[in-house]
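Participant: Quick one: the structure is below, and I'll ask about it shortly.
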Amino acid sequence: MVYFINDIITGALIGLLYSLVAMGFVVIYRASKVFNFAQGELVIIGGFIVWFTTMQAGLSLWLSIPLSLVLAGLVGYAIERIFLTKLIGESVFSMVMVTVGLLILLRGLVLLVFGPAVRPFPIIFPLKPLFLGDMLIPMNLLIGGIITIVAAVGLSWFFNRTRSGLRMTAVAEDHVVASSMGISVKGSIAFAWVLGAILSTIGAMIFLSGKSLTFLASDIGFAALPVALFAGLESIGGLILAGVIIGIVQSLTTNYLDPLIGGSLGSVVPYIIMLAILLIRPTGLFGWRTIERV
Amino acid sequence: MTYQSNRGLRGFLAAAALAAAATMPLKAQAEETYNLALLSDFSGPYADIMPILAGGREAVFTWWNETRGKELGVTLNYKNYETRYDAAQVASLWPGIKSELDPIAVVGLGGPDVAALSERLPEDKIPMFMATAAYGFAWQPDAWIFNPRPTYSHESVGFLNWMREQRGGDEPLKVAILASEASPAYVDMAKGIELYAEEHPEEIDLVEVIYTEVQPTDLTGQMRRVVRAGAEVLVIQTNTSIVVAAKRGLQANGANIPIMMSSHNGLPASGGALGGLEQMEGDFEAYGMAIAADEDTPARQFYETLVADYGLEAPWNVVTAMGVSQGLYTVTVIDHAIEANGAEGLTGEMVREALFAKPITTEETHGFLPTLSFTPEAPFPLEGLKVNVGTVKDGKITIAATGVDVPQVEKW
C-alpha cells in the first residue's frame, strides 16, 4: 500500500512538471491564440543556456540561474520580434505555421551551436530524495511541483485580476480590435513569449537536473501537450488538475499495467486521455466555450 | 635443332616473357574504382557518436586504398548520406544513392537502415555491412545485410552467463532489463533475452523488464522495482540518456546495481553524459568486438597506425573501434572478392559471395573482431561467437574478460 501511495505521489509530481511545460503553451496561447509547436524546443534552448552558464562559463548556480532566466527571456523576445511581430493582424494559422518552422529551426540551431554530444546537466536540485517512512520522493520533482503550483497561482492572478493580464486576453481575442482600443498588441505578444521561454527554462532545470542534456529533451513538449489540451488551452489553474490526473494515471499504468502486458502503455496513456477529451469535450476541462452570434 | 633456331626460340620466349611481365603490372596498375555508400546519422539520435564512428571507418578506407588497394590497383571511393537514423529517410534516399554511386556495398549504421533496405538490397544485389550487433527481426537466411557481431541478445546472454560464473553458486542470475519502444531494435534486444531466460531458467531469472522513453522524466520509481526484485544486474542497450536516468534512479534508491551497456551507449559515452567515468565504477560494457581499453593490444596498435599515418582524429574508444572494425571487415570482404574474381568488373553480388566463401580472420581485422565465418543461414556468424567485457576500475576502462563464449540462442 505504501508503494502504491508513493507511485501516486511521484506520478502527481511528474504531472506537475508536465503542467509547468504546458504553462508555456497556455501563456502564449492566452496572449496570441497561437499554439506554439516549438515549446519543447524552448525547453532545450533553456536547458542549453543553463548548461552553458554553469558548466561552460563556470558560474555558481546562484548566478547562473537568474542569468539563464534573463537570457531565456531575451531569446523569447528575439523570437517574437524576428518571426512573429510582422504577422500581427494576419491569420492565426500563419503564426502557427511559423511555430512549426521554429521547431525545425531551433533544433537545427542547437545542433549547429552546441553540437550533438550528450552533456551532463548540472545538479540544480539535491539528488538525495526525500524519505517519508518507506516512501521516497525525488527532490527535483518535489521542488518542481511547488514551483509549478506557485507559478500557476501567480499567473492565474495575473491573467484574471490585473489590467495587463486582461489586456493580453483581449489581444488573443482579436488583434485589430485590441489595437483599436489602444492595447499594445506587439507588447502583449512579446511579453507572452518572454514568459513562455522563462517557464520552459524553469521546466528544463527541473526535468534535467543531474541528468543528461541532448536535443531529445524536447520530447517533453509533446508529453506536456495532453496536459494543455486536457486542461483547456486558456486555463492556467486547470493545468494543475490536468497534470496531476495525467501524471497519476501514467504512473499507475507504468508501475502496474506495463509489467503485466510487457510494454510501455504508460508512455501512450496520456495521449489516449487527450484523444478521449478531444472527442468528449473539445475545449478541455476548463477551456473557454466560445459563443458566436451570427 | 640449329643454334640459330635455338637462339630464335630463346629470343621469342624472352620477348614473350618480357611482354607478359610488362603487361601484368600494367594491368594491376590500371586503376579500378569502386564506390561505397556510407549511411550516417549526423543530426539524429546518434549524432553525438557519428563523427567518431565515421572517422574510424573512413580512416580504414584511406589506409586500405594506400596499402592493399595500391597493390591490387583498386580504389574505394565513398560518400556519406545523412539518414537521421530514420527508416523513411533511408528508403527515400536509396534510389538516388543507387543511381548516383552504383555502389558495390553499403556501409550501414543501424536498425532503420535494416528496416528500410532489407527488401530492396536483394533485388538490387548490393550487400550492406553493419557495425552493430545483429537484430532478431532481421535474422533470416539468404541475407544481404550482414553484422560482424551476433544479436544484442546473444551479446547480453554471453555477458550474463559470464557474470553468473564470476558470482559463483547454482542460483540463476537475477536480471532486469531497461528498454524502450522508441525503436524496434530496442524492443528486439529485450525480446531475445526474454526468450533465452524463459528457456534457461536455471541460468537467468528475469525479474523486471521495463520500457521507458528515450529521454525519461524520472526513473526513481522504476528503479525501486528493480531494487525490490533483487536484480543483480541491469541490462540497458538503448541510449546514454536512459543509462543516466537509471543511474540517478538507482542512486536515489541508495542502490548500486551494476549496469551492462552495449557499444553504442557504452562506458565512455554514458560516463561522459553523467559527468565522469568514475561514476560508472563497476559497470560493464559487453560486445563481440575489441574493447577500447588502455591495454596494448593489436587493435590498439592498428588504431595508432591510423592516427599516425592516415589522419584518424577520433579518440581511442568503443565508438572509434566500432567504425574501424566495420571498415576493416568491409575492406577484407572486398579484398577476398578481388582475389577470387580479379580487380575488374567487381559487383555487389561477387562481394556477397566472397563473404560466404572464406572466413575473415581475426588477423585480417587486426584483432578488432574474432574470426568470422558467415553462412547463408544468418546475417551474422552462427559459430565461434565471442564477447569481450569491459569495466571501469579506478576510473579507467579495463578489460574484464575476452573471448567469452556466447551460448546458443534460439531465433525469436
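Please note that chains go A, B, ... in the order of the C-alpha cells, that every chain numbers its residues from 1, and that ligands are numbered from 1 in the order shown.
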May I have the residues within 7 Å of region 340-356 of chain B as an mmCIF file with C-alpha atoms, in the first residue's frame, using only C-alpha atoms and disregarding those fewer than 4 positions away in the same chain?
Facilitator:
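What landed in out.cif:
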```cif
data_model
loop_
_atom_site.group_PDB
_atom_site.id
_atom_site.type_symbol
_atom_site.label_atom_id
_atom_site.label_comp_id
_atom_site.auth_asym_id
_atom_site.auth_seq_id
_atom_site.Cartn_x
_atom_site.Cartn_y
_atom_site.Cartn_z
ATOM 1 C CA GLU B 32 39.768 0.219 -60.890
ATOM 2 C CA LEU B 72 45.612 -4.592 -56.300
ATOM 3 C CA VAL B 74 41.770 -0.719 -56.800
ATOM 4 C CA ILE B 104 29.338 -2.415 -54.679
ATOM 5 C CA ALA B 105 28.480 -2.304 -50.974
ATOM 6 C CA LYS B 125 22.097 -7.210 -55.432
ATOM 7 C CA ILE B 126 24.130 -4.936 -53.187
ATOM 8 C CA PRO B 127 25.267 -6.174 -49.765
ATOM 9 C CA VAL B 333 35.466 -8.965 -47.861
ATOM 10 C CA ILE B 334 36.118 -6.743 -50.886
ATOM 11 C CA HIS B 336 38.577 -11.522 -50.876
ATOM 12 C CA PHE B 374 29.422 -16.224 -42.461
ATOM 13 C CA THR B 375 26.930 -18.668 -43.936
#
```
Participant: In region 116-148 of chain B, what's strand (DSSP E) per DSSP? Answer as a ChimeraX atom specification?
Facilitator: /B:128-129,145-146
Participant: Write the residues you've just listed into a file as a tab-separated table (two decimals), in the first residue's frame, and include N, CA, C and O atoms for each of them.
Facilitator:
```
chain	number	residue	atom	x	y	z
B	128	MET	N	24.98	-5.03	-47.66
B	128	MET	CA	25.22	-3.94	-46.70
B	128	MET	C	25.95	-4.51	-45.49
B	128	MET	O	25.57	-5.55	-44.96
B	129	PHE	N	26.98	-3.82	-45.06
B	129	PHE	CA	27.78	-4.25	-43.92
B	129	PHE	C	27.55	-3.29	-42.75
B	129	PHE	O	27.76	-2.09	-42.88
B	145	ILE	N	22.17	-8.20	-45.76
B	145	ILE	CA	22.66	-7.27	-44.75
B	145	ILE	C	23.40	-8.09	-43.69
B	145	ILE	O	22.85	-9.06	-43.17
B	146	PHE	N	24.63	-7.69	-43.37
B	146	PHE	CA	25.46	-8.53	-42.52
B	146	PHE	C	26.02	-7.76	-41.33
B	146	PHE	O	26.36	-6.58	-41.45
```
Participant: With distances taken over only C-alpha atoms, which residue among B:Thr330, B:Gln237, B:Ser262, B:Ser43 lies nearest chain A?
Facilitator: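 The closest residue to chain A is B:Ser43.
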Participant: As a PyMOL selection string, please: every residue in region 39-229 of chain B that DSSP puts in helix (DSSP H, G or I).
Facilitator: chain B and resi 50-66+68-72+87-101+111-117+120-124+136-138+152-167+184-199+220-228
Participant: Would you give me, as a ChimeraX atom specification, the residues of chain A that come within 8 Å of chain B, using only C-alpha atoms?
Facilitator: /A:7,10,14,111,115-120,127-129,136,138,207-208,210-213,216-217,219,255,258-259,262-264,267
Participant: Set the distance at 12 Å and use only C-alpha atoms: which residues neighbour Asp102 (chain B) once local chain neighbours fewer than 6 positions away are removed? I'd like the list as a list in words.
Facilitator: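 Within the cut-off, the hits are Thr33, Tyr34, Asn35, Leu36, Ala37, Asn77, Tyr78, Lys79, Trp94, Pro95, Gly96, Asp124, Lys125, Ile126, Leu346, Thr347 and Gly348 of chain B.
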Participant: Would you mind exporting the chosen residues as a PDB file, in the first residue's frame, restricted to N, CA and C atoms?
Facilitator:
```
ATOM      1  N   THR B  33      38.062   1.616 -59.913  1.00  0.00           N
ATOM      2  CA  THR B  33      37.454   2.379 -58.817  1.00  0.00           C
ATOM      3  C   THR B  33      36.065   1.830 -58.522  1.00  0.00           C
ATOM      4  N   TYR B  34      35.831   1.586 -57.245  1.00  0.00           N
ATOM      5  CA  TYR B  34      34.501   1.125 -56.826  1.00  0.00           C
ATOM      6  C   TYR B  34      33.983   2.056 -55.737  1.00  0.00           C
ATOM      7  N   ASN B  35      32.664   2.135 -55.680  1.00  0.00           N
ATOM      8  CA  ASN B  35      32.050   3.068 -54.730  1.00  0.00           C
ATOM      9  C   ASN B  35      31.392   2.357 -53.550  1.00  0.00           C
ATOM     10  N   LEU B  36      31.475   3.006 -52.411  1.00  0.00           N
ATOM     11  CA  LEU B  36      30.786   2.524 -51.208  1.00  0.00           C
ATOM     12  C   LEU B  36      29.843   3.628 -50.743  1.00  0.00           C
ATOM     13  N   ALA B  37      28.612   3.262 -50.413  1.00  0.00           N
ATOM     14  CA  ALA B  37      27.658   4.244 -49.869  1.00  0.00           C
ATOM     15  C   ALA B  37      27.665   4.112 -48.353  1.00  0.00           C
ATOM     16  N   ASN B  77      36.085   4.449 -53.424  1.00  0.00           N
ATOM     17  CA  ASN B  77      35.543   5.779 -53.134  1.00  0.00           C
ATOM     18  C   ASN B  77      34.361   5.623 -52.192  1.00  0.00           C
ATOM     19  N   TYR B  78      34.103   6.636 -51.401  1.00  0.00           N
ATOM     20  CA  TYR B  78      32.943   6.541 -50.515  1.00  0.00           C
ATOM     21  C   TYR B  78      32.270   7.894 -50.389  1.00  0.00           C
ATOM     22  N   LYS B  79      30.985   7.830 -50.030  1.00  0.00           N
ATOM     23  CA  LYS B  79      30.248   9.075 -49.812  1.00  0.00           C
ATOM     24  C   LYS B  79      29.258   8.849 -48.674  1.00  0.00           C
ATOM     25  N   TRP B  94      17.445   5.974 -50.950  1.00  0.00           N
ATOM     26  CA  TRP B  94      18.093   4.835 -51.596  1.00  0.00           C
ATOM     27  C   TRP B  94      18.101   4.878 -53.135  1.00  0.00           C
ATOM     28  N   PRO B  95      16.985   5.158 -53.804  1.00  0.00           N
ATOM     29  CA  PRO B  95      17.046   5.170 -55.279  1.00  0.00           C
ATOM     30  C   PRO B  95      18.092   6.168 -55.800  1.00  0.00           C
ATOM     31  N   GLY B  96      18.191   7.319 -55.146  1.00  0.00           N
ATOM     32  CA  GLY B  96      19.176   8.325 -55.549  1.00  0.00           C
ATOM     33  C   GLY B  96      20.603   7.838 -55.322  1.00  0.00           C
ATOM     34  N   ASP B 124      18.424  -5.364 -55.632  1.00  0.00           N
ATOM     35  CA  ASP B 124      19.484  -4.560 -56.254  1.00  0.00           C
ATOM     36  C   ASP B 124      20.834  -5.267 -56.246  1.00  0.00           C
ATOM     37  N   LYS B 125      20.885  -6.376 -55.533  1.00  0.00           N
ATOM     38  CA  LYS B 125      22.097  -7.210 -55.432  1.00  0.00           C
ATOM     39  C   LYS B 125      23.306  -6.399 -54.934  1.00  0.00           C
ATOM     40  N   ILE B 126      23.052  -5.694 -53.850  1.00  0.00           N
ATOM     41  CA  ILE B 126      24.130  -4.936 -53.187  1.00  0.00           C
ATOM     42  C   ILE B 126      24.124  -5.317 -51.706  1.00  0.00           C
ATOM     43  N   LEU B 346      34.038  -5.933 -60.690  1.00  0.00           N
ATOM     44  CA  LEU B 346      33.530  -6.419 -59.404  1.00  0.00           C
ATOM     45  C   LEU B 346      32.083  -5.932 -59.196  1.00  0.00           C
ATOM     46  N   THR B 347      31.234  -6.818 -58.715  1.00  0.00           N
ATOM     47  CA  THR B 347      29.839  -6.439 -58.456  1.00  0.00           C
ATOM     48  C   THR B 347      29.487  -6.708 -56.997  1.00  0.00           C
ATOM     49  N   GLY B 348      28.359  -6.172 -56.575  1.00  0.00           N
ATOM     50  CA  GLY B 348      27.883  -6.397 -55.215  1.00  0.00           C
ATOM     51  C   GLY B 348      27.649  -7.880 -54.959  1.00  0.00           C
TER      52      GLY B 348
END
```
Participant: Excluding Asp296 (chain B) and residues on its chain fewer than 6 positions from it, collect all residues at most 12 Å away from it, counting only C-alpha atoms, and give them as a VMD selection string.
Facilitator: chain B and resid 290 302 to 304 316 367 398 to 399
Participant: Restrict the selected residues to N, CA, C and O atoms and save them as a PDB file, in the first residue's frame.
Facilitator:
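Ended up saving to part24.pdb:
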```pdb
ATOM      1  N   ALA B 290      36.588  -5.722 -30.144  1.00  0.00           N
ATOM      2  CA  ALA B 290      37.662  -5.357 -29.211  1.00  0.00           C
ATOM      3  C   ALA B 290      37.205  -4.266 -28.245  1.00  0.00           C
ATOM      4  O   ALA B 290      36.483  -3.359 -28.629  1.00  0.00           O
ATOM      5  N   PHE B 302      46.901  -0.974 -34.244  1.00  0.00           N
ATOM      6  CA  PHE B 302      46.395  -0.592 -35.573  1.00  0.00           C
ATOM      7  C   PHE B 302      45.756   0.793 -35.507  1.00  0.00           C
ATOM      8  O   PHE B 302      45.932   1.611 -36.418  1.00  0.00           O
ATOM      9  N   TYR B 303      45.044   1.047 -34.425  1.00  0.00           N
ATOM     10  CA  TYR B 303      44.446   2.376 -34.233  1.00  0.00           C
ATOM     11  C   TYR B 303      45.551   3.448 -34.256  1.00  0.00           C
ATOM     12  O   TYR B 303      45.410   4.482 -34.918  1.00  0.00           O
ATOM     13  N   GLU B 304      46.653   3.162 -33.554  1.00  0.00           N
ATOM     14  CA  GLU B 304      47.764   4.139 -33.513  1.00  0.00           C
ATOM     15  C   GLU B 304      48.328   4.378 -34.912  1.00  0.00           C
ATOM     16  O   GLU B 304      48.700   5.504 -35.249  1.00  0.00           O
ATOM     17  N   TRP B 316      40.604   7.062 -28.885  1.00  0.00           N
ATOM     18  CA  TRP B 316      40.558   5.595 -28.733  1.00  0.00           C
ATOM     19  C   TRP B 316      39.408   5.257 -27.793  1.00  0.00           C
ATOM     20  O   TRP B 316      39.531   5.330 -26.573  1.00  0.00           O
ATOM     21  N   GLY B 367      42.594  -7.910 -34.910  1.00  0.00           N
ATOM     22  CA  GLY B 367      42.108  -8.211 -33.561  1.00  0.00           C
ATOM     23  C   GLY B 367      40.873  -7.428 -33.162  1.00  0.00           C
ATOM     24  O   GLY B 367      40.385  -7.574 -32.033  1.00  0.00           O
ATOM     25  N   THR B 398      38.928  -0.887 -18.266  1.00  0.00           N
ATOM     26  CA  THR B 398      39.846  -2.021 -18.341  1.00  0.00           C
ATOM     27  C   THR B 398      39.117  -3.226 -18.911  1.00  0.00           C
ATOM     28  O   THR B 398      37.878  -3.278 -18.899  1.00  0.00           O
ATOM     29  N   ILE B 399      39.894  -4.162 -19.416  1.00  0.00           N
ATOM     30  CA  ILE B 399      39.289  -5.373 -19.973  1.00  0.00           C
ATOM     31  C   ILE B 399      39.008  -6.337 -18.818  1.00  0.00           C
ATOM     32  O   ILE B 399      39.926  -6.738 -18.103  1.00  0.00           O
TER      33      ILE B 399
END
```
Participant: Near Ala321 (chain B), counting only C-alpha atoms, which residues have an atom at most 10 Å away, once you skip same-chain residues fewer than 4 positions from it, shown as a short mmCIF file (atom, residue, chain, number, x, y, z; two decimals) with all heavy atoms, in the first residue's frame?
Facilitator:
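Here's the written file part20.cif:
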```
data_model
loop_
_atom_site.label_atom_id
_atom_site.label_comp_id
_atom_site.auth_asym_id
_atom_site.auth_seq_id
_atom_site.Cartn_x
_atom_site.Cartn_y
_atom_site.Cartn_z
N ILE B 52 32.70 10.39 -34.73
CA ILE B 52 33.78 9.49 -34.29
C ILE B 52 33.73 8.19 -35.07
O ILE B 52 34.73 7.69 -35.59
CB ILE B 52 33.66 9.24 -32.77
CG1 ILE B 52 33.80 10.56 -32.02
CG2 ILE B 52 34.70 8.24 -32.30
CD1 ILE B 52 33.48 10.47 -30.55
N LEU B 53 32.51 7.63 -35.17
CA LEU B 53 32.34 6.37 -35.90
C LEU B 53 32.74 6.55 -37.37
O LEU B 53 33.44 5.73 -37.96
CB LEU B 53 30.90 5.89 -35.79
CG LEU B 53 30.64 4.47 -36.24
CD1 LEU B 53 29.70 3.77 -35.26
CD2 LEU B 53 30.03 4.38 -37.61
N GLY B 56 36.45 6.66 -37.88
CA GLY B 56 37.05 5.32 -37.82
C GLY B 56 36.93 4.59 -39.14
O GLY B 56 37.91 4.08 -39.67
N ARG B 57 35.72 4.56 -39.69
CA ARG B 57 35.57 3.76 -40.91
C ARG B 57 36.24 4.42 -42.12
O ARG B 57 36.83 3.73 -42.95
CB ARG B 57 34.10 3.40 -41.15
CG ARG B 57 33.13 4.53 -41.32
CD ARG B 57 31.69 3.99 -41.23
NE ARG B 57 30.71 4.99 -41.65
CZ ARG B 57 29.39 4.83 -41.61
NH1 ARG B 57 28.89 3.69 -41.16
NH2 ARG B 57 28.58 5.78 -42.01
N ALA B 131 27.90 -2.08 -38.53
CA ALA B 131 28.91 -2.02 -37.46
C ALA B 131 28.36 -2.64 -36.19
O ALA B 131 29.10 -3.07 -35.33
CB ALA B 131 29.29 -0.58 -37.18
N SER B 263 27.85 -1.31 -27.13
CA SER B 263 28.92 -0.48 -27.69
C SER B 263 28.44 0.95 -27.97
O SER B 263 29.18 1.90 -27.74
CB SER B 263 29.42 -1.12 -28.98
OG SER B 263 28.34 -1.49 -29.81
N MET B 289 33.41 -7.46 -29.98
CA MET B 289 34.38 -6.60 -30.66
C MET B 289 35.45 -6.21 -29.65
O MET B 289 35.23 -6.34 -28.44
CB MET B 289 33.59 -5.35 -31.10
CG MET B 289 34.25 -4.44 -32.05
SD MET B 289 33.12 -3.07 -32.40
CE MET B 289 33.08 -2.20 -30.85
N ALA B 290 36.59 -5.72 -30.14
CA ALA B 290 37.66 -5.36 -29.21
C ALA B 290 37.21 -4.27 -28.25
O ALA B 290 36.48 -3.36 -28.63
CB ALA B 290 38.85 -4.85 -30.01
N ILE B 291 37.65 -4.39 -27.01
CA ILE B 291 37.36 -3.36 -26.01
C ILE B 291 38.43 -2.27 -26.13
O ILE B 291 39.63 -2.58 -26.19
CB ILE B 291 37.42 -3.97 -24.58
CG1 ILE B 291 36.42 -5.11 -24.41
CG2 ILE B 291 37.25 -2.88 -23.51
CD1 ILE B 291 35.00 -4.74 -24.22
N ALA B 292 37.97 -1.04 -26.19
CA ALA B 292 38.93 0.07 -26.33
C ALA B 292 39.47 0.45 -24.96
O ALA B 292 39.16 1.52 -24.42
CB ALA B 292 38.25 1.25 -27.00
N ALA B 299 44.70 -4.42 -31.74
CA ALA B 299 43.70 -3.44 -32.19
C ALA B 299 44.18 -2.02 -31.86
O ALA B 299 44.10 -1.11 -32.69
CB ALA B 299 42.37 -3.72 -31.50
N ARG B 300 44.70 -1.86 -30.67
CA ARG B 300 45.20 -0.54 -30.25
C ARG B 300 46.36 -0.10 -31.14
O ARG B 300 46.46 1.06 -31.55
CB ARG B 300 45.66 -0.63 -28.77
CG ARG B 300 46.25 0.63 -28.20
CD ARG B 300 45.17 1.66 -27.96
NE ARG B 300 45.71 2.96 -27.62
CZ ARG B 300 45.74 3.47 -26.39
NH1 ARG B 300 45.28 2.77 -25.38
NH2 ARG B 300 46.20 4.67 -26.17
N TYR B 303 45.04 1.05 -34.42
CA TYR B 303 44.45 2.38 -34.23
C TYR B 303 45.55 3.45 -34.26
O TYR B 303 45.41 4.48 -34.92
CB TYR B 303 43.66 2.42 -32.91
CG TYR B 303 43.39 3.82 -32.41
CD1 TYR B 303 42.33 4.57 -32.93
CD2 TYR B 303 44.21 4.41 -31.44
CE1 TYR B 303 42.11 5.88 -32.49
CE2 TYR B 303 43.98 5.70 -31.00
CZ TYR B 303 42.93 6.43 -31.52
OH TYR B 303 42.71 7.72 -31.10
N ALA B 314 39.83 10.63 -34.34
CA ALA B 314 38.91 10.18 -33.30
C ALA B 314 39.69 9.59 -32.12
O ALA B 314 40.75 9.00 -32.31
CB ALA B 314 37.96 9.14 -33.86
N PRO B 315 39.18 9.76 -30.89
CA PRO B 315 39.88 9.21 -29.73
C PRO B 315 39.76 7.68 -29.69
O PRO B 315 38.90 7.11 -30.37
CB PRO B 315 39.14 9.83 -28.55
CG PRO B 315 37.78 10.12 -29.08
CD PRO B 315 37.94 10.45 -30.52
N TRP B 316 40.60 7.06 -28.89
CA TRP B 316 40.56 5.60 -28.73
C TRP B 316 39.41 5.26 -27.79
O TRP B 316 39.53 5.33 -26.57
CB TRP B 316 41.88 5.08 -28.19
CG TRP B 316 41.94 3.62 -27.86
CD1 TRP B 316 42.25 3.08 -26.66
CD2 TRP B 316 41.70 2.52 -28.74
NE1 TRP B 316 42.22 1.71 -26.74
CE2 TRP B 316 41.87 1.34 -28.00
CE3 TRP B 316 41.33 2.41 -30.08
CZ2 TRP B 316 41.71 0.06 -28.55
CZ3 TRP B 316 41.16 1.14 -30.63
CH2 TRP B 316 41.36 -0.01 -29.88
N ASN B 317 38.28 4.92 -28.38
CA ASN B 317 37.15 4.49 -27.57
C ASN B 317 36.30 3.49 -28.35
O ASN B 317 36.61 3.17 -29.51
CB ASN B 317 36.31 5.68 -27.07
CG ASN B 317 35.64 6.44 -28.19
OD1 ASN B 317 35.35 5.89 -29.25
ND2 ASN B 317 35.39 7.71 -27.97
N SER B 325 36.35 -1.37 -36.95
CA SER B 325 36.05 -2.79 -37.21
C SER B 325 35.10 -2.93 -38.40
O SER B 325 35.25 -3.83 -39.22
CB SER B 325 35.48 -3.46 -35.96
OG SER B 325 34.27 -2.86 -35.59
N GLN B 326 34.15 -2.00 -38.51
CA GLN B 326 33.23 -2.05 -39.65
C GLN B 326 34.00 -1.85 -40.96
O GLN B 326 33.80 -2.58 -41.93
CB GLN B 326 32.17 -0.97 -39.50
CG GLN B 326 31.12 -0.99 -40.61
CD GLN B 326 30.11 0.14 -40.47
OE1 GLN B 326 30.41 1.18 -39.89
NE2 GLN B 326 28.91 -0.08 -40.97
N GLY B 327 34.88 -0.86 -40.95
CA GLY B 327 35.67 -0.60 -42.15
C GLY B 327 36.55 -1.79 -42.48
O GLY B 327 36.65 -2.20 -43.65
N PHE B 368 40.36 -6.61 -34.07
CA PHE B 368 39.14 -5.87 -33.72
C PHE B 368 37.93 -6.80 -33.61
O PHE B 368 37.01 -6.55 -32.84
CB PHE B 368 38.86 -4.78 -34.77
CG PHE B 368 39.55 -3.50 -34.48
CD1 PHE B 368 40.82 -3.25 -34.97
CD2 PHE B 368 38.96 -2.53 -33.69
CE1 PHE B 368 41.48 -2.06 -34.69
CE2 PHE B 368 39.61 -1.34 -33.40
CZ PHE B 368 40.87 -1.11 -33.90
N LEU B 369 37.95 -7.86 -34.44
CA LEU B 369 36.82 -8.80 -34.44
C LEU B 369 37.36 -10.21 -34.32
O LEU B 369 38.51 -10.48 -34.73
CB LEU B 369 36.03 -8.67 -35.76
CG LEU B 369 35.31 -7.33 -35.99
CD1 LEU B 369 34.90 -7.18 -37.45
CD2 LEU B 369 34.08 -7.21 -35.10
#
```
Participant: I need the residue nearest Val185 (chain A) from this list: A:Val100, A:Leu84, A:Ala204, A:Leu67. Use only C-alpha atoms for the distance.
Facilitator: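 Of the candidates, the smallest distance to Val185 (chain A) is held by A:Leu84.
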Participant: Excluding Glu383 (chain B) and its own-chain neighbours fewer than 3 positions away, which residues fall within 10 Å of it when counting only C-alpha atoms? Please give them as a PDB file with N, CA, C and O atoms, in the first residue's frame.
Facilitator:
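Final output, around08.pdb:
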```pdb
ATOM      1  N   PRO B 150      27.045 -11.018 -33.268  1.00  0.00           N
ATOM      2  CA  PRO B 150      25.742 -11.664 -33.142  1.00  0.00           C
ATOM      3  C   PRO B 150      24.684 -10.653 -32.704  1.00  0.00           C
ATOM      4  O   PRO B 150      24.979  -9.466 -32.614  1.00  0.00           O
ATOM      5  N   THR B 371      37.450 -14.254 -35.493  1.00  0.00           N
ATOM      6  CA  THR B 371      37.342 -14.816 -36.848  1.00  0.00           C
ATOM      7  C   THR B 371      35.863 -15.010 -37.186  1.00  0.00           C
ATOM      8  O   THR B 371      35.115 -15.603 -36.405  1.00  0.00           O
ATOM      9  N   LEU B 372      35.476 -14.498 -38.335  1.00  0.00           N
ATOM     10  CA  LEU B 372      34.059 -14.501 -38.710  1.00  0.00           C
ATOM     11  C   LEU B 372      33.832 -15.468 -39.871  1.00  0.00           C
ATOM     12  O   LEU B 372      34.452 -15.329 -40.923  1.00  0.00           O
ATOM     13  N   SER B 373      32.950 -16.450 -39.663  1.00  0.00           N
ATOM     14  CA  SER B 373      32.585 -17.371 -40.749  1.00  0.00           C
ATOM     15  C   SER B 373      31.107 -17.203 -41.054  1.00  0.00           C
ATOM     16  O   SER B 373      30.252 -17.748 -40.345  1.00  0.00           O
ATOM     17  N   PHE B 374      30.823 -16.469 -42.089  1.00  0.00           N
ATOM     18  CA  PHE B 374      29.422 -16.224 -42.461  1.00  0.00           C
ATOM     19  C   PHE B 374      28.892 -17.389 -43.286  1.00  0.00           C
ATOM     20  O   PHE B 374      29.633 -18.019 -44.042  1.00  0.00           O
ATOM     21  N   THR B 375      27.615 -17.662 -43.123  1.00  0.00           N
ATOM     22  CA  THR B 375      26.930 -18.668 -43.936  1.00  0.00           C
ATOM     23  C   THR B 375      25.618 -18.059 -44.433  1.00  0.00           C
ATOM     24  O   THR B 375      25.145 -17.073 -43.857  1.00  0.00           O
ATOM     25  N   PHE B 380      24.645 -13.050 -39.545  1.00  0.00           N
ATOM     26  CA  PHE B 380      25.834 -12.942 -38.684  1.00  0.00           C
ATOM     27  C   PHE B 380      26.420 -14.338 -38.504  1.00  0.00           C
ATOM     28  O   PHE B 380      25.707 -15.332 -38.720  1.00  0.00           O
ATOM     29  N   LYS B 386      31.830 -14.890 -29.778  1.00  0.00           N
ATOM     30  CA  LYS B 386      32.524 -14.497 -28.538  1.00  0.00           C
ATOM     31  C   LYS B 386      32.141 -13.068 -28.186  1.00  0.00           C
ATOM     32  O   LYS B 386      31.828 -12.272 -29.070  1.00  0.00           O
ATOM     33  N   VAL B 406      29.567 -17.273 -26.329  1.00  0.00           N
ATOM     34  CA  VAL B 406      28.145 -16.914 -26.397  1.00  0.00           C
ATOM     35  C   VAL B 406      27.349 -18.214 -26.560  1.00  0.00           C
ATOM     36  O   VAL B 406      27.612 -18.969 -27.484  1.00  0.00           O
ATOM     37  N   PRO B 407      26.414 -18.461 -25.675  1.00  0.00           N
ATOM     38  CA  PRO B 407      25.654 -19.708 -25.803  1.00  0.00           C
ATOM     39  C   PRO B 407      24.697 -19.653 -26.998  1.00  0.00           C
ATOM     40  O   PRO B 407      24.451 -18.587 -27.555  1.00  0.00           O
ATOM     41  N   GLN B 408      24.189 -20.819 -27.339  1.00  0.00           N
ATOM     42  CA  GLN B 408      23.226 -20.896 -28.450  1.00  0.00           C
ATOM     43  C   GLN B 408      21.932 -20.180 -28.047  1.00  0.00           C
ATOM     44  O   GLN B 408      21.338 -20.478 -27.015  1.00  0.00           O
TER      45      GLN B 408
END
```
Participant: From the options A:Pro270, A:Gly203, A:Gly238, A:Pro66, which residue's atoms come nearest to Gly40 (chain A), counting only C-alpha atoms?
Facilitator: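 The closest residue to Gly40 (chain A) is A:Gly203.
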Participant: Just the number, please: distance in Å from CA of Gly110 (chain B) to CA of Ala185 (chain B), one decimal.
Facilitator: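 Separating CA of Gly110 (chain B) from CA of Ala185 (chain B) is a distance of 8.6 Å.
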